[in-house]
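Asker: Following this line is entry39.cif, made up of mmCIF, C-alpha atoms:
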```
data_upload
loop_
_atom_site.label_atom_id
_atom_site.label_comp_id
_atom_site.auth_asym_id
_atom_site.auth_seq_id
_atom_site.Cartn_x
_atom_site.Cartn_y
_atom_site.Cartn_z
CA MET Z 823 -31.40 7.01 -18.90
CA THR Z 824 -32.24 7.88 -15.31
CA ALA Z 825 -33.64 11.36 -14.71
CA ILE Z 826 -31.93 13.55 -12.11
CA THR Z 827 -34.54 14.84 -9.70
CA PRO Z 828 -34.50 18.58 -8.83
CA LEU Z 829 -33.28 17.98 -5.26
CA GLU Z 830 -31.09 14.95 -5.94
CA PHE Z 831 -27.90 16.71 -4.79
CA ILE Z 832 -29.55 19.04 -2.25
CA HIS Z 833 -31.77 16.91 -0.08
CA LYS Z 834 -29.96 15.42 2.92
CA LYS Z 835 -31.13 12.35 4.78
CA GLY Z 836 -30.81 12.15 8.57
CA ILE Z 837 -32.08 13.85 11.69
CA PHE Z 838 -31.66 17.61 12.02
CA GLY Z 839 -32.59 20.49 14.31
CA ASP Z 840 -34.00 20.31 17.81
CA HIS Z 841 -34.56 16.56 18.03
CA GLN Z 842 -32.94 15.76 21.38
CA LYS Z 843 -35.23 14.04 23.90
CA LYS Z 844 -37.91 13.63 21.26
CA ASN Z 845 -39.28 10.47 19.70
CA GLU Z 846 -38.15 10.12 16.11
CA SER Z 847 -41.68 9.17 15.16
CA ASP Z 848 -42.95 12.53 16.48
CA LEU Z 849 -40.56 14.58 14.35
CA LEU Z 850 -41.44 16.23 11.06
CA ARG Z 851 -40.53 14.22 7.98
CA ILE Z 852 -39.33 16.06 4.89
CA SER Z 853 -38.85 14.25 1.62
CA GLU Z 854 -38.67 14.86 -2.10
CA VAL Z 855 -41.57 13.43 -4.08
CA LYS Z 856 -40.04 11.71 -7.08
CA ASN Z 857 -41.30 9.98 -10.18
CA SER Z 858 -44.76 11.55 -10.21
CA THR Z 859 -46.17 12.66 -13.52
CA ILE Z 860 -47.51 16.23 -13.43
CA ILE Z 861 -49.78 17.24 -16.26
CA GLN Z 862 -51.23 20.70 -16.83
CA LEU Z 863 -54.67 20.55 -18.40
CA VAL Z 864 -56.12 23.74 -19.88
CA GLN Z 865 -59.54 23.94 -21.49
CA HIS Z 866 -59.47 26.23 -24.54
CA LYS Z 867 -61.65 29.35 -24.40
CA THR Z 868 -63.37 28.21 -27.59
CA SER Z 869 -64.21 24.80 -26.13
CA LYS Z 870 -67.92 24.23 -25.66
CA ILE Z 871 -67.57 20.85 -23.95
CA ASN Z 872 -69.15 20.41 -20.51
CA ILE Z 873 -66.31 19.65 -18.13
CA ASN Z 874 -68.69 17.74 -15.84
CA ASP Z 875 -69.04 15.08 -18.57
CA ILE Z 876 -65.32 14.22 -18.40
CA LYS Z 877 -63.77 11.84 -15.93
CA ILE Z 878 -60.13 10.86 -15.59
CA GLU Z 879 -59.42 7.61 -13.73
CA GLY Z 880 -63.01 7.82 -12.46
CA LEU Z 881 -62.38 11.29 -11.00
CA GLU Z 882 -64.49 14.33 -11.79
CA ILE Z 883 -62.73 17.50 -12.85
CA SER Z 884 -63.80 20.07 -10.29
CA THR Z 885 -64.75 23.59 -11.35
CA LYS Z 886 -64.84 24.74 -7.73
CA SER Z 887 -61.79 26.80 -6.81
CA SER Z 888 -59.05 25.34 -4.58
CA THR Z 889 -60.49 21.81 -4.59
CA VAL Z 890 -58.85 18.46 -5.28
CA LYS Z 891 -60.41 15.23 -6.53
CA SER Z 892 -58.30 12.22 -5.72
CA ASN Z 893 -57.93 8.47 -5.53
CA LYS Z 894 -54.99 6.29 -4.50
CA GLU Z 895 -52.80 7.11 -7.49
CA THR Z 896 -54.08 10.32 -9.02
CA ARG Z 897 -54.91 13.81 -7.78
CA ILE Z 898 -56.65 16.49 -9.89
CA LEU Z 899 -56.00 19.97 -8.51
CA TRP Z 900 -58.01 23.04 -9.51
CA ASN Z 901 -55.31 25.53 -10.44
CA ALA Z 902 -57.17 28.40 -12.12
CA PRO Z 903 -60.37 28.82 -14.15
CA ARG Z 904 -60.32 26.15 -16.88
CA THR Z 905 -56.87 25.01 -15.66
CA TRP Z 906 -56.02 21.91 -13.62
CA LEU Z 907 -52.91 20.07 -12.47
CA ILE Z 908 -53.07 16.30 -12.64
CA ILE Z 909 -50.51 14.57 -10.44
CA SER Z 910 -50.30 10.82 -10.80
CA ASN Z 911 -48.11 7.82 -10.15
CA LYS Z 912 -49.65 5.95 -13.08
CA GLU Z 913 -47.15 5.45 -15.86
CA ASN Z 914 -49.65 5.81 -18.68
CA ILE Z 915 -51.58 8.77 -17.25
CA ILE Z 916 -50.85 10.97 -20.29
CA LYS Z 917 -52.48 8.45 -22.62
CA ILE Z 918 -55.49 8.19 -20.29
CA ILE Z 919 -55.86 11.98 -20.27
CA GLU Z 920 -55.42 12.24 -24.03
CA LYS Z 921 -58.11 9.61 -24.51
CA ASN Z 922 -60.60 11.53 -22.36
CA CYS Z 923 -59.65 15.09 -23.29
CA LYS Z 924 -59.58 15.77 -27.01
CA GLU Z 925 -56.96 18.05 -28.51
CA ILE Z 926 -59.62 20.33 -29.95
CA ASP Z 927 -60.86 21.19 -26.44
CA PHE Z 928 -57.76 20.96 -24.23
CA ALA Z 929 -54.06 21.76 -24.10
CA ILE Z 930 -52.24 18.94 -22.33
CA THR Z 931 -48.68 19.69 -21.16
CA ASP Z 932 -46.31 17.43 -19.28
CA ILE Z 933 -44.62 19.64 -16.67
CA SER Z 934 -43.21 16.81 -14.54
CA HIS Z 935 -39.60 17.90 -14.99
CA SER Z 936 -40.26 21.60 -14.40
CA ARG Z 937 -41.42 21.21 -10.81
CA ALA Z 938 -39.69 20.29 -7.56
CA VAL Z 939 -42.09 18.60 -5.15
CA ILE Z 940 -41.36 18.53 -1.41
CA GLN Z 941 -43.51 16.62 1.04
CA ILE Z 942 -43.66 17.73 4.66
CA LYS Z 943 -45.37 15.44 7.10
CA GLY Z 944 -46.03 15.80 10.82
CA ASP Z 945 -48.01 17.59 13.46
CA GLN Z 946 -45.98 20.81 13.12
CA ALA Z 947 -46.18 20.96 9.31
CA ARG Z 948 -48.76 23.75 9.45
CA GLU Z 949 -46.53 25.77 11.79
CA VAL Z 950 -43.64 25.50 9.33
CA LEU Z 951 -45.79 26.73 6.44
CA LYS Z 952 -47.25 29.56 8.52
CA LYS Z 953 -43.76 31.04 8.80
CA GLY Z 954 -43.61 32.01 5.13
CA SER Z 955 -47.09 31.95 3.67
CA PRO Z 956 -50.09 34.26 4.24
CA ILE Z 957 -52.66 31.44 3.94
CA ASN Z 958 -54.81 30.65 7.01
CA PHE Z 959 -53.64 27.09 7.67
CA ASN Z 960 -55.94 26.68 10.68
CA GLU Z 961 -58.86 26.33 8.25
CA PHE Z 962 -57.00 24.33 5.61
CA GLU Z 963 -58.72 21.01 4.96
CA VAL Z 964 -57.78 17.74 3.27
CA ASN Z 965 -58.19 17.78 -0.50
CA LYS Z 966 -57.82 21.52 -0.66
CA CYS Z 967 -55.08 23.16 -2.71
CA VAL Z 968 -53.94 26.76 -3.14
CA GLY Z 969 -51.56 28.66 -5.31
CA THR Z 970 -49.75 31.10 -3.04
CA ILE Z 971 -46.30 32.33 -2.00
CA PHE Z 972 -43.73 31.24 0.58
CA HIS Z 973 -41.12 33.91 1.30
CA GLY Z 974 -41.75 35.32 -2.17
CA ILE Z 975 -41.58 31.98 -3.98
CA ASN Z 976 -44.69 30.96 -5.92
CA LEU Z 977 -45.91 27.50 -5.00
CA VAL Z 978 -48.90 25.19 -5.00
CA ILE Z 979 -49.83 23.69 -1.62
CA ASP Z 980 -51.83 20.45 -1.60
CA LEU Z 981 -52.98 18.93 1.70
CA ILE Z 982 -53.18 15.20 1.05
CA SER Z 983 -53.82 13.98 4.61
CA ASP Z 984 -54.47 15.37 8.08
CA ASP Z 985 -53.53 12.25 10.06
CA PRO Z 986 -50.81 13.41 10.43
CA ASP Z 987 -50.78 16.61 8.36
CA THR Z 988 -49.11 15.84 5.03
CA PHE Z 989 -48.55 18.62 2.51
CA ASN Z 990 -47.16 18.34 -1.00
CA LEU Z 991 -45.46 21.57 -2.02
CA LEU Z 992 -44.88 22.20 -5.73
CA VAL Z 993 -42.46 24.91 -6.84
CA LEU Z 994 -40.72 25.69 -10.11
CA ARG Z 995 -37.65 23.48 -10.46
CA SER Z 996 -35.28 26.45 -10.50
CA PHE Z 997 -36.64 27.61 -7.13
CA GLY Z 998 -36.38 24.10 -5.68
CA GLU Z 999 -33.05 24.51 -3.91
CA SER Z 1000 -33.88 27.90 -2.39
CA PHE Z 1001 -37.32 26.69 -1.32
CA TYR Z 1002 -35.89 23.51 0.19
CA HIS Z 1003 -33.55 25.61 2.37
CA HIS Z 1004 -36.44 27.86 3.45
CA ILE Z 1005 -38.51 24.84 4.50
CA THR Z 1006 -35.72 22.97 6.26
CA ASP Z 1007 -34.58 26.15 8.08
CA ALA Z 1008 -38.15 26.74 9.26
CA ALA Z 1009 -38.39 23.11 10.42
CA LEU Z 1010 -35.19 23.17 12.51
CA GLU Z 1011 -36.88 24.44 15.67
CA PHE Z 1012 -39.21 21.43 15.68
CA GLY Z 1013 -36.58 18.92 14.59
CA TYR Z 1014 -37.05 16.99 11.36
CA VAL Z 1015 -36.08 13.79 9.65
CA GLY Z 1016 -34.86 14.07 6.07
CA VAL Z 1017 -36.25 10.98 4.39
CA MET G 1387 -51.65 44.46 4.90
CA LEU G 1388 -54.63 44.44 2.53
CA GLU G 1389 -56.86 41.46 1.95
CA ILE G 1390 -58.18 41.37 -1.58
CA LYS G 1391 -61.07 39.18 -2.66
CA CYS G 1392 -60.13 37.46 -5.89
CA PRO G 1393 -63.37 36.73 -7.80
CA TYR G 1394 -62.04 33.23 -8.50
CA CYS G 1395 -60.15 32.18 -5.32
CA GLY G 1396 -61.71 34.25 -2.53
CA LYS G 1397 -59.99 36.45 0.05
CA ARG G 1398 -56.20 36.39 -0.11
CA SER G 1399 -53.30 38.46 1.16
CA GLN G 1400 -52.12 41.43 -0.90
CA ASN G 1401 -48.71 39.69 -1.22
CA GLU G 1402 -50.18 37.37 -3.81
CA PHE G 1403 -51.35 40.19 -6.08
CA SER G 1404 -49.82 42.69 -8.43
CA TYR G 1405 -51.29 46.11 -9.27
CA GLY G 1406 -52.13 46.56 -12.93
CA GLY G 1407 -53.18 50.20 -13.32
CA ASP G 1408 -56.36 52.16 -14.01
CA ALA G 1409 -59.31 49.98 -15.08
CA ASN G 1410 -61.03 52.77 -17.00
CA ILE G 1411 -58.47 53.16 -19.79
CA LYS G 1412 -59.82 52.09 -23.17
CA ARG G 1413 -57.59 51.50 -26.17
CA PRO G 1414 -58.51 53.57 -29.25
CA GLU G 1415 -60.42 51.54 -31.83
CA LEU G 1416 -58.25 49.57 -34.22
CA GLY G 1417 -57.80 51.28 -37.59
CA LYS G 1418 -59.28 54.57 -36.38
CA GLU G 1419 -57.29 57.72 -37.16
CA ILE G 1420 -56.33 59.44 -33.90
CA SER G 1421 -54.22 62.46 -33.09
CA ASP G 1422 -50.85 62.35 -31.33
CA SER G 1423 -52.35 63.93 -28.22
CA GLU G 1424 -55.11 61.28 -28.06
CA TRP G 1425 -52.43 58.58 -28.39
CA ASP G 1426 -50.37 60.33 -25.68
CA ASN G 1427 -53.41 60.36 -23.40
CA PHE G 1428 -53.95 56.65 -23.90
CA VAL G 1429 -50.32 55.63 -23.41
CA TYR G 1430 -49.00 58.02 -20.76
CA PHE G 1431 -51.51 60.21 -18.95
CA ARG G 1432 -53.38 58.88 -15.94
CA LYS G 1433 -55.63 60.46 -13.35
CA ASN G 1434 -54.36 60.16 -9.81
CA PRO G 1435 -57.53 60.52 -7.76
CA ARG G 1436 -57.72 60.73 -3.99
CA GLY G 1437 -60.71 58.55 -3.15
CA LYS G 1438 -62.64 55.89 -5.01
CA HIS G 1439 -60.73 54.42 -7.95
CA SER G 1440 -61.33 51.53 -10.36
CA GLU G 1441 -58.18 49.45 -10.75
CA LEU G 1442 -56.89 46.32 -12.43
CA TRP G 1443 -55.17 43.71 -10.26
CA HIS G 1444 -53.50 40.44 -11.18
CA HIS G 1445 -53.59 37.38 -8.89
CA VAL G 1446 -50.07 36.60 -9.93
CA ALA G 1447 -49.24 33.99 -7.24
CA GLY G 1448 -52.64 32.30 -7.35
CA CYS G 1449 -54.95 31.74 -10.29
CA ARG G 1450 -53.07 34.23 -12.53
CA GLN G 1451 -56.29 35.97 -13.53
CA TRP G 1452 -56.83 39.71 -14.04
CA PHE G 1453 -59.82 41.35 -12.34
CA LYS G 1454 -61.23 44.74 -11.39
CA VAL G 1455 -61.09 46.34 -7.94
CA SER G 1456 -62.91 49.39 -6.65
CA ARG G 1457 -60.66 50.86 -3.95
CA ASP G 1458 -60.33 54.07 -1.97
CA THR G 1459 -56.80 55.32 -2.60
CA SER G 1460 -56.65 57.26 0.68
CA THR G 1461 -58.10 54.70 3.12
CA HIS G 1462 -57.31 51.55 1.06
CA GLU G 1463 -60.85 50.34 1.70
CA ILE G 1464 -61.90 47.87 -0.98
CA PHE G 1465 -65.56 48.27 -1.96
CA LYS G 1466 -65.96 45.59 -4.59
CA THR G 1467 -64.07 43.27 -6.92
CA SER G 1468 -65.32 41.75 -10.17
CA LYS G 1469 -64.27 39.69 -13.15
CA LEU G 1470 -63.14 41.63 -16.22
CA ASN G 1471 -66.35 40.90 -18.11
CA GLU G 1472 -68.55 42.05 -15.21
CA GLU G 1473 -69.62 45.53 -14.14
CA LEU G 1474 -67.74 46.85 -11.12
#
```
Transcribe the structure of this file into structure tokens.

Answerer:
Amino acid sequence: MTAITPLEFIHKKGIFGDHQKKNESDLLRISEVKNSTIIQLVQHKTSKININDIKIEGLEISTKSSTVKSNKETRILWNAPRTWLIISNKENIIKIIEKNCKEIDFAITDISHSRAVIQIKGDQAREVLKKGSPINFNEFEVNKCVGTIFHGINLVIDLISDDPDTFNLLVLRSFGESFYHHITDAALEFGYVGV
Amino acid sequence: MLEIKCPYCGKRSQNEFSYGGDANIKRPELGKEISDSEWDNFVYFRKNPRGKHSELWHHVAGCRQWFKVSRDTSTHEIFKTSKLNEEL
């Protein structure tokens, strides 16, 4: 059975907004991130294990707020104290996590199907996000993530690259359609390519 | 707009937070016999001071943690924030 992605019937491909007399390669690119596994990892309050002793796919689990540890396939986002989001393209990531994080110390929950993930890429990506979020994007660096709001919608923002700026935006699946329209509306003045 | 320093995430906009009431209220001990008026005081009655006030806030759009805030209710100046298990 093929899973229906949250924006399968919403996301439109093509060129939109103020794109006349502009190079297509200079326009913003908006796409839906599909087929990633998203795991929520929570360390129990009773757990005495030292989190610095655990590695997943060779990545440390950071206890510093708003930080991301990443390699080519996997990103570990600090989400809250003793709580992390692990986003990976590896098919067997759950088994890898379960092997490293014992049930007695951690709650491991697959939330892949409860999130819509939009990627916005381009030099004006920060300007689009500034329209709806109170975060200071001028000081936002690669491998930093924040939980915040965009026009009242809770989301997690993860900056995966700054050449050009590439943000992954995670929202609850039920907010996906509304959030998609907010982002694409905000991107119209710059012109964008739906990929 | 206020900027509130979450003890876990750092300074963030007030939009991300939710007010959670007076931080000085203590629940009566479990199993202890208390009068109706004491129960009323715990459940319903709150001071409404003009000036410095200890409050609970929830970083609802961020790390989802509760914490304490010392704030002036007339000027909105925030003096200090702390985790729940720390002294304000």

Asker: List every residue of chain G that has an atom at most 7 Å from any atom of chain Z, and for each one report the closest atom pair and its distance in Å to one decimal, counting all atoms listed in the file, with rows sorted by chain and then by increasing residue number, as a Markdown table.

Answerer:
```
| residue | atom | partner | partner_atom | distance |
| --- | --- | --- | --- | --- |
| G:Tyr1394 | CA | Z:Ser887 | CA | 6.7 |
| G:Cys1395 | CA | Z:Ser887 | CA | 5.8 |
| G:Ser1399 | CA | Z:Pro956 | CA | 6.1 |
| G:Glu1402 | CA | Z:Thr970 | CA | 6.3 |
| G:Ala1447 | CA | Z:Thr970 | CA | 5.1 |
| G:Gly1448 | CA | Z:Gly969 | CA | 4.3 |
| G:Cys1449 | CA | Z:Ala902 | CA | 4.4 |
```

Asker: Determine the residue membership of the PyMOL selection byres ((chain Z and resi 991) around 9) for the file above and supply it as a list in words.

Answerer: Ala938, Val939, Ile940, Gln941, Ile942, Leu977, Val978, Ile979, Asp980, Leu981, Phe989, Asn990, Leu992 and Val993 of chain Z

Asker: Could you tell me which residues the PyMOL selection byres ((chain G and resi 1463) around 10) returns for this structure, as a PyMOL selection string?

Answerer: chain G and resi 1388-1390+1437-1438+1456-1462+1464-1466

Asker: Could you expand the PyMOL selection byres ((chain Z and resi 950) around 9) into the explicit residues it covers here, written as a ChimeraX atom specification?

Answerer: /Z:946-949,951-954,1005-1006,1008-1009,1012

Asker: Which residues, written as a PDB file with C-alpha atoms, keeping the file's coordinate frame, have at least one atom at most 7 Å from segment 1403-1412 of chain G, with all atoms listed in the file counted and residues fewer than 6 positions away on the same chain left out?

Answerer:
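Final output, saved to result25.pdb:
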```pdb
ATOM      1  CA  SER G1440     -61.330  51.530 -10.360  1.00  0.00           C
ATOM      2  CA  GLU G1441     -58.180  49.450 -10.750  1.00  0.00           C
ATOM      3  CA  LEU G1442     -56.890  46.320 -12.430  1.00  0.00           C
ATOM      4  CA  TRP G1443     -55.170  43.710 -10.260  1.00  0.00           C
ATOM      5  CA  HIS G1444     -53.500  40.440 -11.180  1.00  0.00           C
ATOM      6  CA  HIS G1445     -53.590  37.380  -8.890  1.00  0.00           C
ATOM      7  CA  VAL G1446     -50.070  36.600  -9.930  1.00  0.00           C
ATOM      8  CA  ALA G1447     -49.240  33.990  -7.240  1.00  0.00           C
ATOM      9  CA  LYS G1454     -61.230  44.740 -11.390  1.00  0.00           C
TER      10      LYS G1454
END
```

Asker: Just to confirm, what's the straight-line distance from atom CA of Glu913 of chain Z to atom CA of Glu879 of chain Z in Å (one decimal)?

Answerer: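 Those two atoms sit 12.6 Å apart.
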
Asker: What does the distance between atom CA of Ser884 of chain Z and atom CA of His866 of chain Z come to in Å, to one decimal place?

Answerer: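 Interatomic distance, atom CA of Ser884 of chain Z to atom CA of His866 of chain Z: 16.1 Å.
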
Asker: Grab the atom CA of Phe831 of chain Z to atom CA of Arg851 of chain Z distance for me, in Å with one decimal place.

Answerer: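 Computing the Euclidean distance for atom CA of Phe831 of chain Z and atom CA of Arg851 of chain Z yields 18.1 Å.
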
Asker: Which residues are near Ile860 of chain Z? Cut-off 9 Å, only C-alpha atoms, ignore same chain within fewer than 6 positions. Put them as a PyMOL selection string.

Answerer: chain Z and resi 907-910+931-935+937

Asker: Measuring atom to atom with only C-alpha atoms, identify which of Z:Ile919, Z:Val855, Z:Ile930, Z:Leu850 is nearest to Leu829 of chain Z.

Answerer: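 Between Z:Ile919, Z:Val855, Z:Ile930, Z:Leu850, the residue approaching Leu829 of chain Z most closely is Z:Val855.
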
Asker: Kindly indicate which residue among Z:Lys877, Z:Lys891, Z:Lys843, Z:Lys943 lies nearest to Pro986 of chain Z, using only C-alpha atoms for the distances.

Answerer: Z:Lys943

Asker: Nearest to Ile982 of chain Z: which of Z:Ser936, Z:Val1017, Z:Asn874, Z:Thr889 is it, counting only C-alpha atoms?

Answerer: Z:Thr889
